[in-house]
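The next block holds one structure in the form of structure tokens; read it before the comments.
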Amino acid sequence: SSGLWVPPIFGSHMMLQQGQLTTFWGTATPNTVVTVLVNGGTITNITAKSDGRWSAKIPAMKYSTTPITLKAVNGGDSLTFDDIIVGDVFVCSGQSNLEISVKGSLNAVKEIAAANYPDIRILDIDMNPKYSIVTTPQDNVTVSIPWSRVTPKVIPNFSGFCYFMGRDLHLKKNIPIGLIESCWGGSTIEVWLPHAEIEHCHAPPQPPSRGCHHAHPGVPTCYSTLWNSMIHPLLPLAIRGILWDQGESNAAAPTRYECFLPALVKSWRAAWNNQDIAFVYRQLHGYPAGGLLGAMRTGMATVEHAYDRMGMVVSYDLAYLNSTDGNIHFMNKEEIGRRAMLAFSNIIYGDKAITFSGPQAESVKVIEFGHRPHFGKHVFFCGEVEFSGVSSVNPIQLLNGWPPYCGVEMQNAQERGAWTLTRKWTPVVVTKVGPTKLWVNFTIDGKLEMPTHLRYAWWDIPPLAIMDTKYKLPARPFNLSIPAHV
């Protein structure tokens, strides 16, 4: 035997990225010729290097569900992969809320039974304990689900969030979709970043107590280890988008995350040599976190426009406190998958009429009603909040069942200064909503208040009170400075 071998990121039933070259590589007997064929026609002959490595470029192809056969021949040895189709490929990565499977999601029995999609292909990268300490970028990886068509048999253990996003995109755009899951529950963003980006963001030195001198079971904590072991081996596969679901393990340091997340986007795009890769990520949902999540959600929103073709989807309303998987996990992966699908539809496919951000507060100003000589009940001041992402045909709404105090709070003038979690915040009454505006009352019990800030959905588990009417997306959390009013 010539020892012909290719890594398991290639295989029958795989998806090739349309419109881009794919690097097909492997090893063979050193200095021997490897012939690569597509549908029986030779596309190239290459000579394996002295270390046995060879690589070939598979030409770019258009969307197609017509099965393709890919073959490598080396002497008397050959490898043949069939039932390959061409579509858009997405890498889904992050921590446990990305890892939660379809069988762990809401409506699992129904969704698994309906999972017959021959034009959606999935690949699941193995969470191998050896990956807990990998100090240099690797070329090979093990898989727990090889490339497969989506069927009720294979889908139960695949990522729920990744699957529902891909399924909805497939149904909406009627194109083949490939999904690659590469995640690890409990992981921090630092383990997914190349080493150079760790230094760029001035991460603290790796604590010796984390045991990075040897491999260990559990959650990998060594900086860059999952980049080296679970992302770098995927680089030969051309992709169209990345779905990122991570942040819970970094919630105590939101300022540092504001450096890490754009650094991850920049470095991953550079590694794939493709600045057009769409990057969609999830802002953290509601769960008990000791008051950390307001600042963390703000930090995640701050970097959304750090680079083009980025988008953030909101999930604070998806808290699921009765989860059998722990309160930090939410089970409605179908809904968050729908929201991510809307984001990719907008960013990749130019569906600009689709709003994926939800209502987004842009500014607030003070409006005076009544006559100044008659304070008290004869005059009151309102905050008028202007939203983007909504319109006359897609107005904001207050959900039925919520009292007038629906998660909107103001900070009083006597509390002037930098807002923090410990400063006094007072609930305010929402008096009216319009297509793109919301008004809140700054007069409380007949007393005129002159607040400096207005915020919404700042708590760890805030109520869902404001959303748009067309896409059913929650208003984004906000914390706005209020201009001085005389």
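Naming works like this for the structure tokens: A, B, ... for the chains as they're shown, residue 1 at the start of each chain, ligands 1 onward in shown order.
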
inquiry  = Taking 6 positions as the minimum chain separation for residues in the same chain, which residues sit within 6 Å of range 240-248 of chain A when counting only C-alpha atoms? Answer as a PyMOL selection string.
reply    = chain A and resi 88-95+98+277-282

task = Write out as JSON, numbers by chain the residues lying within 6 Å of Thr27 in chain A, counting only C-alpha atoms and excluding same-chain residues fewer than 5 positions away.
result = {"A": [4, 5, 52, 53, 54]}

Shell around range 159-163 of chain A at 6 Å using only C-alpha atoms, local window under 5 positions removed, as JSON, numbers by chain = {"A": [98, 99, 100, 101, 102, 333, 337]}

Contacts of Leu261 in chain A within 8 Å, only C-alpha atoms, excl. fewer than 4 positions in-chain, as a PyMOL selection string = chain A and resi 189+257+265+303

Go ahead and write the selection's residues with all heavy atoms as a PDB file, in the first residue's frame.
ATOM      1  N   ILE A 189     -13.164  32.518  25.513  1.00  0.00           N
ATOM      2  CA  ILE A 189     -12.783  32.933  24.165  1.00  0.00           C
ATOM      3  C   ILE A 189     -11.277  32.822  23.954  1.00  0.00           C
ATOM      4  O   ILE A 189     -10.807  32.601  22.825  1.00  0.00           O
ATOM      5  CB  ILE A 189     -13.276  34.374  23.877  1.00  0.00           C
ATOM      6  CG1 ILE A 189     -13.193  34.666  22.377  1.00  0.00           C
ATOM      7  CG2 ILE A 189     -12.535  35.394  24.716  1.00  0.00           C
ATOM      8  CD1 ILE A 189     -13.856  35.979  21.983  1.00  0.00           C
ATOM      9  N   TYR A 257     -13.383  41.474  26.776  1.00  0.00           N
ATOM     10  CA  TYR A 257     -14.096  40.790  25.691  1.00  0.00           C
ATOM     11  C   TYR A 257     -14.270  41.720  24.490  1.00  0.00           C
ATOM     12  O   TYR A 257     -14.317  41.250  23.352  1.00  0.00           O
ATOM     13  CB  TYR A 257     -15.467  40.320  26.183  1.00  0.00           C
ATOM     14  CG  TYR A 257     -16.055  39.185  25.377  1.00  0.00           C
ATOM     15  CD1 TYR A 257     -15.640  37.874  25.594  1.00  0.00           C
ATOM     16  CD2 TYR A 257     -17.016  39.402  24.405  1.00  0.00           C
ATOM     17  CE1 TYR A 257     -16.167  36.814  24.865  1.00  0.00           C
ATOM     18  CE2 TYR A 257     -17.555  38.350  23.667  1.00  0.00           C
ATOM     19  CZ  TYR A 257     -17.128  37.064  23.899  1.00  0.00           C
ATOM     20  OH  TYR A 257     -17.641  36.018  23.174  1.00  0.00           O
ATOM     21  N   VAL A 265     -12.670  37.667  15.181  1.00  0.00           N
ATOM     22  CA  VAL A 265     -13.210  37.852  13.836  1.00  0.00           C
ATOM     23  C   VAL A 265     -12.079  38.137  12.848  1.00  0.00           C
ATOM     24  O   VAL A 265     -11.988  37.507  11.777  1.00  0.00           O
ATOM     25  CB  VAL A 265     -14.235  39.004  13.815  1.00  0.00           C
ATOM     26  CG1 VAL A 265     -14.724  39.262  12.391  1.00  0.00           C
ATOM     27  CG2 VAL A 265     -15.418  38.685  14.725  1.00  0.00           C
ATOM     28  N   VAL A 303     -19.141  46.079  19.922  1.00  0.00           N
ATOM     29  CA  VAL A 303     -18.191  45.672  18.876  1.00  0.00           C
ATOM     30  C   VAL A 303     -18.880  45.128  17.629  1.00  0.00           C
ATOM     31  O   VAL A 303     -18.202  44.655  16.717  1.00  0.00           O
ATOM     32  CB  VAL A 303     -17.214  44.613  19.431  1.00  0.00           C
ATOM     33  CG1 VAL A 303     -16.439  45.179  20.603  1.00  0.00           C
ATOM     34  CG2 VAL A 303     -17.951  43.337  19.837  1.00  0.00           C
TER      35      VAL A 303
END

request  = From range 161-319 of chain A, collect each residue whose DSSP state is strand (DSSP E or B) and return the set as a ChimeraX atom specification.
outcome  = /A:177-183,241-245,278-282,310-313

message = I want to know what sits within 9 Å of range 176-180 of chain A, based on only C-alpha atoms, with residues of the same chain fewer than 3 positions away left out; could you give that as a PyMOL selection string?
response = chain A and resi 14-17+63-65+85-93+118-125+147+162-163+166-167+169-170+173+239

request  = Run DSSP on the backbone of this structure and report the residues of range 89-209 of chain A it assigns to alpha helix (DSSP H), as a PyMOL selection string.
outcome  = chain A and resi 96-99+108-113+160-173+195-200

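You can rank A:Leu79, A:Gly383, A:Tyr471, A:Glu197 by their closest distance to Ala343 in chain A using only C-alpha atoms, and at the top of that list sits A:Tyr471.
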
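Comparing the minimum interatomic distances between Leu399 in chain A and each of A:Thr23, A:Thr469, A:Ser357, A:Asn479, counting only C-alpha atoms, we find that A:Thr469 sits nearest.
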
key: Contact residues around Ser96 in chain A with only C-alpha atoms at 7 Å, ignoring same-chain residues under 4 positions, as an NGL selection string   = :A and (100 or 184-186)

query = Residues at most 10 Å from Cys406 in chain A, counting only C-alpha atoms, excluding those fewer than 3 positions away in the same chain, as a PyMOL selection string?
reply = chain A and resi 398-399+401-403+409+427-430+456-457+462-466

query = So how many Å separate CA of Met341 in chain A and CA of Pro67 in chain A, to one decimal?
reply = 25.8 Å

remark   = The residue from A:Thr225, A:Ser363, A:Thr431, A:Ser315 with the smallest atom-to-atom distance to Glu334 in chain A, counting only C-alpha atoms, is A:Ser315

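One finds CA of Ala108 in chain A at 27.5 Å from CA of Ile9 in chain A.
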